[in-house]
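Novice: Submitted below is the structure of interest, expressed as structure tokens.
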Amino acid sequence: METVDIAIIGGGPAGLTAALYAARARAKTVVFETGLPGGQIVTTDWVENYPGFPEGLSGAELADLMHKQAERFGAEFRTFAQVERVEPVDLDFKLTVEGEDILARVVILATGAVPKKLGVPGEAEFTGRGVSWCATCDGALFRDKTVAIIGGGDAAIEEAIFLTKFASRVHIVHRRDELRATKCIQERCFENEKIELHWSRVVKEVKGENGKVTGIELAATNDDPDEFLPLDGIFIFVGIDATSGLVSDLCDLDERGFVQTDHNGLTSYPGLYAAGDVTDSELKQVVTAAAKGASAAFEALRYLDNRLCSI
Ligand SMILES: Cc1cc2nc3c(=O)[nH]c(=O)nc-3n(C[C@H](O)[C@H](O)[C@H](O)COP(=O)(O)OP(=O)(O)OC[C@H]3O[C@@H](n4cnc5c(N)ncnc54)[C@H](O)[C@@H]3O)c2cc1C
């Protein structure tokens, strides 16, 4: 069976940074990624809060740079390679990847998170027919159309501003009466004449006809009456779910399913580390995912050294 020192599951910012640190320390490092490297940032148009890029850069460009930097130091990438199972074998782990087994001395879980669904009627039926979770991918399809963004955090408001490049009108539907987004993002949102805010509203149903979205039924969280908002598209940014199923039987998760780690990224299982959005860390951003990836790799390397010394 092929044996590697450090197997990194997930090629988003956390996994890419862990790969950079592990490969630079000359550990045999392999990153397994279901798709192409980059993770969630490839779905965002512009990243302007990652240090070192004063003008900002596209999510895809940042992902590409991180990928190239890790590869330059010898990290190996297996793309379109989904890890299906992680099983402890003595002190090591057996990974099943697309039906093939690989032995890893240490595992760093960097599987990130996926956007939450609303769970309302019509959402599944009209996914890809007007319902989307990616403004960068689908925004251009809504040129001169009317769209709604659901959510009030940074990602929701940034993507609403991005969508004003294409859409003639962008409605923001938020369940509270104030936004959670960072103040400077809020200011840009309030200044944008194409954006209209709908406070204290939740989506009850996505409506459509002939396979296309026609609008959303909104219920008020205050005493206002319900209303129908006619639309061509709806973009959902209401939080994320941890992709932690691979290790849910191995280590401790919090009540929401995020992997619990110490401040170095060690989980409750020896040799199993986790970093980035899959963990219970508070701030879920590129910079924190990268930092936690570095810490997890550093600790994983120390653990490997100690294991070799004690043989
Ligand atoms: C629309 C949007 C806009 C954002 N804008 C910003 C921003 O401007 N600035 C900022 O700092 N942050 C932003 N974020 C947040 C940022 O993208 C995330 O915090 C960051 O990507 C988390 O990195 P990660 O590596 O932990 O996980 P992810 O980016 O989620 O990457 C995890 C990777 O693991 C892979 N994977 C999962 N399971 C498996 C498996 N079993 N086998 C193999 N591979 C697997 C996935 O395919 C994925 O590529 C934004 C997020 C979104 C959705």
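Each chain in the structure tokens gets a letter, A, B and so on, in the order shown; residues start at 1 in every chain, and ligands are counted from 1 in the order they appear.
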Neighbours of region 275-287 of chain A within 8 Å (only C-alpha atoms; same-chain residues fewer than 4 positions away dropped), as an mmCIF file with N, CA and C atoms, in the first residue's frame?

Specialist:
```cif
data_model
loop_
_atom_site.group_PDB
_atom_site.id
_atom_site.type_symbol
_atom_site.label_atom_id
_atom_site.label_comp_id
_atom_site.auth_asym_id
_atom_site.auth_seq_id
_atom_site.Cartn_x
_atom_site.Cartn_y
_atom_site.Cartn_z
ATOM 1 N N PRO A 13 -7.910 26.958 1.391
ATOM 2 C CA PRO A 13 -6.808 27.722 1.993
ATOM 3 C C PRO A 13 -6.125 27.006 3.170
ATOM 4 N N ALA A 14 -6.906 26.300 4.015
ATOM 5 C CA ALA A 14 -6.299 25.601 5.164
ATOM 6 C C ALA A 14 -5.412 24.464 4.670
ATOM 7 N N GLY A 15 -5.925 23.647 3.759
ATOM 8 C CA GLY A 15 -5.158 22.509 3.244
ATOM 9 C C GLY A 15 -3.948 22.958 2.441
ATOM 10 N N ILE A 41 -13.055 29.827 -1.679
ATOM 11 C CA ILE A 41 -12.681 31.156 -2.210
ATOM 12 C C ILE A 41 -12.857 31.249 -3.716
ATOM 13 N N TYR A 50 -7.214 39.717 2.508
ATOM 14 C CA TYR A 50 -6.092 38.801 2.744
ATOM 15 C C TYR A 50 -4.822 39.647 2.657
ATOM 16 N N PRO A 51 -4.016 39.686 3.734
ATOM 17 C CA PRO A 51 -2.883 40.617 3.757
ATOM 18 C C PRO A 51 -1.896 40.374 2.626
ATOM 19 N N ILE A 108 -4.277 15.503 8.229
ATOM 20 C CA ILE A 108 -4.791 16.854 8.535
ATOM 21 C C ILE A 108 -6.108 17.010 7.779
ATOM 22 N N LEU A 109 -7.169 17.162 8.539
ATOM 23 C CA LEU A 109 -8.494 17.314 7.935
ATOM 24 C C LEU A 109 -8.732 18.802 7.645
ATOM 25 N N ALA A 110 -8.905 19.119 6.359
ATOM 26 C CA ALA A 110 -9.139 20.532 5.968
ATOM 27 C C ALA A 110 -10.294 20.553 4.972
ATOM 28 N N THR A 111 -11.341 19.831 5.329
ATOM 29 C CA THR A 111 -12.465 19.617 4.396
ATOM 30 C C THR A 111 -13.454 20.791 4.367
ATOM 31 N N GLY A 112 -13.219 21.805 5.206
ATOM 32 C CA GLY A 112 -13.993 23.035 5.101
ATOM 33 C C GLY A 112 -15.463 22.878 5.412
ATOM 34 N N ALA A 113 -16.243 23.606 4.667
ATOM 35 C CA ALA A 113 -17.671 23.671 4.941
ATOM 36 C C ALA A 113 -18.413 23.919 3.643
ATOM 37 N N ALA A 242 -20.367 22.254 8.501
ATOM 38 C CA ALA A 242 -19.034 21.630 8.489
ATOM 39 C C ALA A 242 -19.053 20.325 7.700
ATOM 40 N N THR A 243 -17.993 20.098 6.917
ATOM 41 C CA THR A 243 -17.860 18.825 6.191
ATOM 42 C C THR A 243 -17.023 17.885 7.074
ATOM 43 N N SER A 244 -17.652 17.392 8.134
ATOM 44 C CA SER A 244 -16.882 16.647 9.138
ATOM 45 C C SER A 244 -17.275 15.165 9.215
ATOM 46 N N ASP A 254 -18.361 19.566 17.914
ATOM 47 C CA ASP A 254 -19.251 20.355 18.776
ATOM 48 C C ASP A 254 -20.705 20.074 18.378
ATOM 49 N N PHE A 258 -18.969 20.859 14.062
ATOM 50 C CA PHE A 258 -17.617 21.324 13.754
ATOM 51 C C PHE A 258 -16.605 20.554 14.614
ATOM 52 N N VAL A 259 -15.420 20.277 14.040
ATOM 53 C CA VAL A 259 -14.410 19.462 14.736
ATOM 54 C C VAL A 259 -13.756 20.289 15.846
ATOM 55 N N GLN A 260 -13.700 19.699 17.040
ATOM 56 C CA GLN A 260 -13.072 20.400 18.151
ATOM 57 C C GLN A 260 -11.572 20.132 18.124
ATOM 58 N N THR A 261 -10.784 21.196 18.251
ATOM 59 C CA THR A 261 -9.325 21.039 18.280
ATOM 60 C C THR A 261 -8.756 21.886 19.414
ATOM 61 N N GLY A 265 -4.439 22.694 16.633
ATOM 62 C CA GLY A 265 -5.107 21.941 15.576
ATOM 63 C C GLY A 265 -5.244 20.450 15.862
ATOM 64 N N ALA A 291 -3.786 30.330 8.614
ATOM 65 C CA ALA A 291 -3.009 30.308 9.865
ATOM 66 C C ALA A 291 -3.183 28.965 10.580
ATOM 67 N N LYS A 292 -4.410 28.474 10.630
ATOM 68 C CA LYS A 292 -4.661 27.199 11.316
ATOM 69 C C LYS A 292 -4.057 26.031 10.535
ATOM 70 N N GLY A 293 -4.012 26.147 9.220
ATOM 71 C CA GLY A 293 -3.355 25.113 8.406
ATOM 72 C C GLY A 293 -1.878 25.044 8.728
ATOM 73 N N ALA A 296 -1.438 23.466 12.241
ATOM 74 C CA ALA A 296 -1.704 22.015 12.225
ATOM 75 C C ALA A 296 -0.521 21.275 11.598
#
```

Novice: From region 82-311 of chain A, collect each residue whose DSSP state is alpha helix (DSSP H) and return the set as an MDAnalysis selection string.

Specialist: chainID A and resid 135:138 154:163 183:191 286:309

Novice: I want to know what sits within 9 Å of region 145-152 of chain A, based on only C-alpha atoms, with residues of the same chain fewer than 3 positions away left out; could you give that as a PDB file with C-alpha atoms, in the first residue's frame?

Specialist:
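Result saved to part06.pdb:
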```pdb
ATOM      1  CA  GLY A 130     -32.595  30.574 -10.625  1.00  0.00           C
ATOM      2  CA  LEU A 141     -26.622  35.074 -16.075  1.00  0.00           C
ATOM      3  CA  PHE A 142     -28.709  37.799 -14.410  1.00  0.00           C
ATOM      4  CA  ALA A 155     -20.376  36.970   2.301  1.00  0.00           C
ATOM      5  CA  ALA A 156     -24.035  37.897   1.648  1.00  0.00           C
ATOM      6  CA  ILE A 157     -23.454  41.641   1.464  1.00  0.00           C
ATOM      7  CA  GLU A 159     -21.925  39.150  -3.074  1.00  0.00           C
ATOM      8  CA  ALA A 160     -24.957  41.511  -3.216  1.00  0.00           C
ATOM      9  CA  LEU A 163     -24.294  41.283  -8.268  1.00  0.00           C
ATOM     10  CA  PHE A 166     -25.056  42.663 -13.612  1.00  0.00           C
ATOM     11  CA  ALA A 167     -28.541  42.852 -12.126  1.00  0.00           C
ATOM     12  CA  SER A 168     -30.751  45.917 -12.447  1.00  0.00           C
ATOM     13  CA  ARG A 169     -32.100  45.415  -8.908  1.00  0.00           C
ATOM     14  CA  VAL A 170     -30.687  43.461  -5.953  1.00  0.00           C
ATOM     15  CA  HIS A 171     -32.950  42.807  -2.979  1.00  0.00           C
ATOM     16  CA  ILE A 172     -31.366  41.772   0.315  1.00  0.00           C
ATOM     17  CA  VAL A 173     -33.641  39.704   2.529  1.00  0.00           C
ATOM     18  CA  HIS A 174     -32.493  39.487   6.143  1.00  0.00           C
ATOM     19  CA  ARG A 175     -34.250  37.918   9.098  1.00  0.00           C
ATOM     20  CA  ARG A 176     -33.042  40.570  11.559  1.00  0.00           C
ATOM     21  CA  GLU A 178     -29.661  44.971  11.234  1.00  0.00           C
ATOM     22  CA  LEU A 179     -26.837  43.399   9.235  1.00  0.00           C
ATOM     23  CA  ARG A 180     -24.049  41.276  10.719  1.00  0.00           C
ATOM     24  CA  ALA A 181     -21.575  42.289   7.986  1.00  0.00           C
ATOM     25  CA  VAL A 202     -37.562  35.012   5.999  1.00  0.00           C
ATOM     26  CA  VAL A 203     -38.150  33.019   2.837  1.00  0.00           C
ATOM     27  CA  GLY A 215     -40.205  35.003  -7.033  1.00  0.00           C
ATOM     28  CA  ILE A 216     -40.185  34.264  -3.319  1.00  0.00           C
ATOM     29  CA  LEU A 229     -41.243  39.406  -4.194  1.00  0.00           C
ATOM     30  CA  PRO A 230     -41.105  38.885  -7.981  1.00  0.00           C
ATOM     31  CA  LEU A 231     -37.570  37.802  -9.031  1.00  0.00           C
ATOM     32  CA  ASP A 232     -35.481  36.145 -11.715  1.00  0.00           C
ATOM     33  CA  GLY A 233     -32.914  34.696  -9.308  1.00  0.00           C
ATOM     34  CA  ILE A 234     -32.137  34.047  -5.661  1.00  0.00           C
ATOM     35  CA  PHE A 235     -28.681  33.714  -4.071  1.00  0.00           C
ATOM     36  CA  ILE A 236     -28.458  32.072  -0.651  1.00  0.00           C
ATOM     37  CA  PHE A 237     -25.755  32.999   1.915  1.00  0.00           C
ATOM     38  CA  VAL A 238     -27.123  31.949   5.305  1.00  0.00           C
ATOM     39  CA  GLY A 239     -24.097  30.254   6.846  1.00  0.00           C
TER      40      GLY A 239
END
```

Novice: For a test of reading the model, state the distance in Å between CA of Glu299 (chain A) and CA of Arg26 (chain A), rounded to one decimal.

Specialist: 14.4 Å

Novice: Got a sec to tell me which of region 21-245 of chain A DSSP assigns to strand (DSSP E), as a count of residues only?

Specialist: 84

Novice: Near Glu87 (chain A), counting only C-alpha atoms, which residues have an atom at most 9 Å away, once you skip same-chain residues fewer than 4 positions from it, shown as a PyMOL selection string?

Specialist: chain A and resi 92-96+247+250

Novice: Could the residues in this selection be written to a file with C-alpha atoms, as a PDB file, in the first residue's frame?

Specialist:
```pdb
ATOM      1  CA  ASP A  92      -1.396   5.261  11.239  1.00  0.00           C
ATOM      2  CA  PHE A  93      -4.533   5.916   9.184  1.00  0.00           C
ATOM      3  CA  LYS A  94      -5.858   4.055   6.158  1.00  0.00           C
ATOM      4  CA  LEU A  95      -7.507   6.409   3.679  1.00  0.00           C
ATOM      5  CA  THR A  96      -9.841   5.094   1.014  1.00  0.00           C
ATOM      6  CA  VAL A 247     -14.173  11.820  11.206  1.00  0.00           C
ATOM      7  CA  LEU A 250     -13.145   9.250  15.371  1.00  0.00           C
TER       8      LEU A 250
END
```
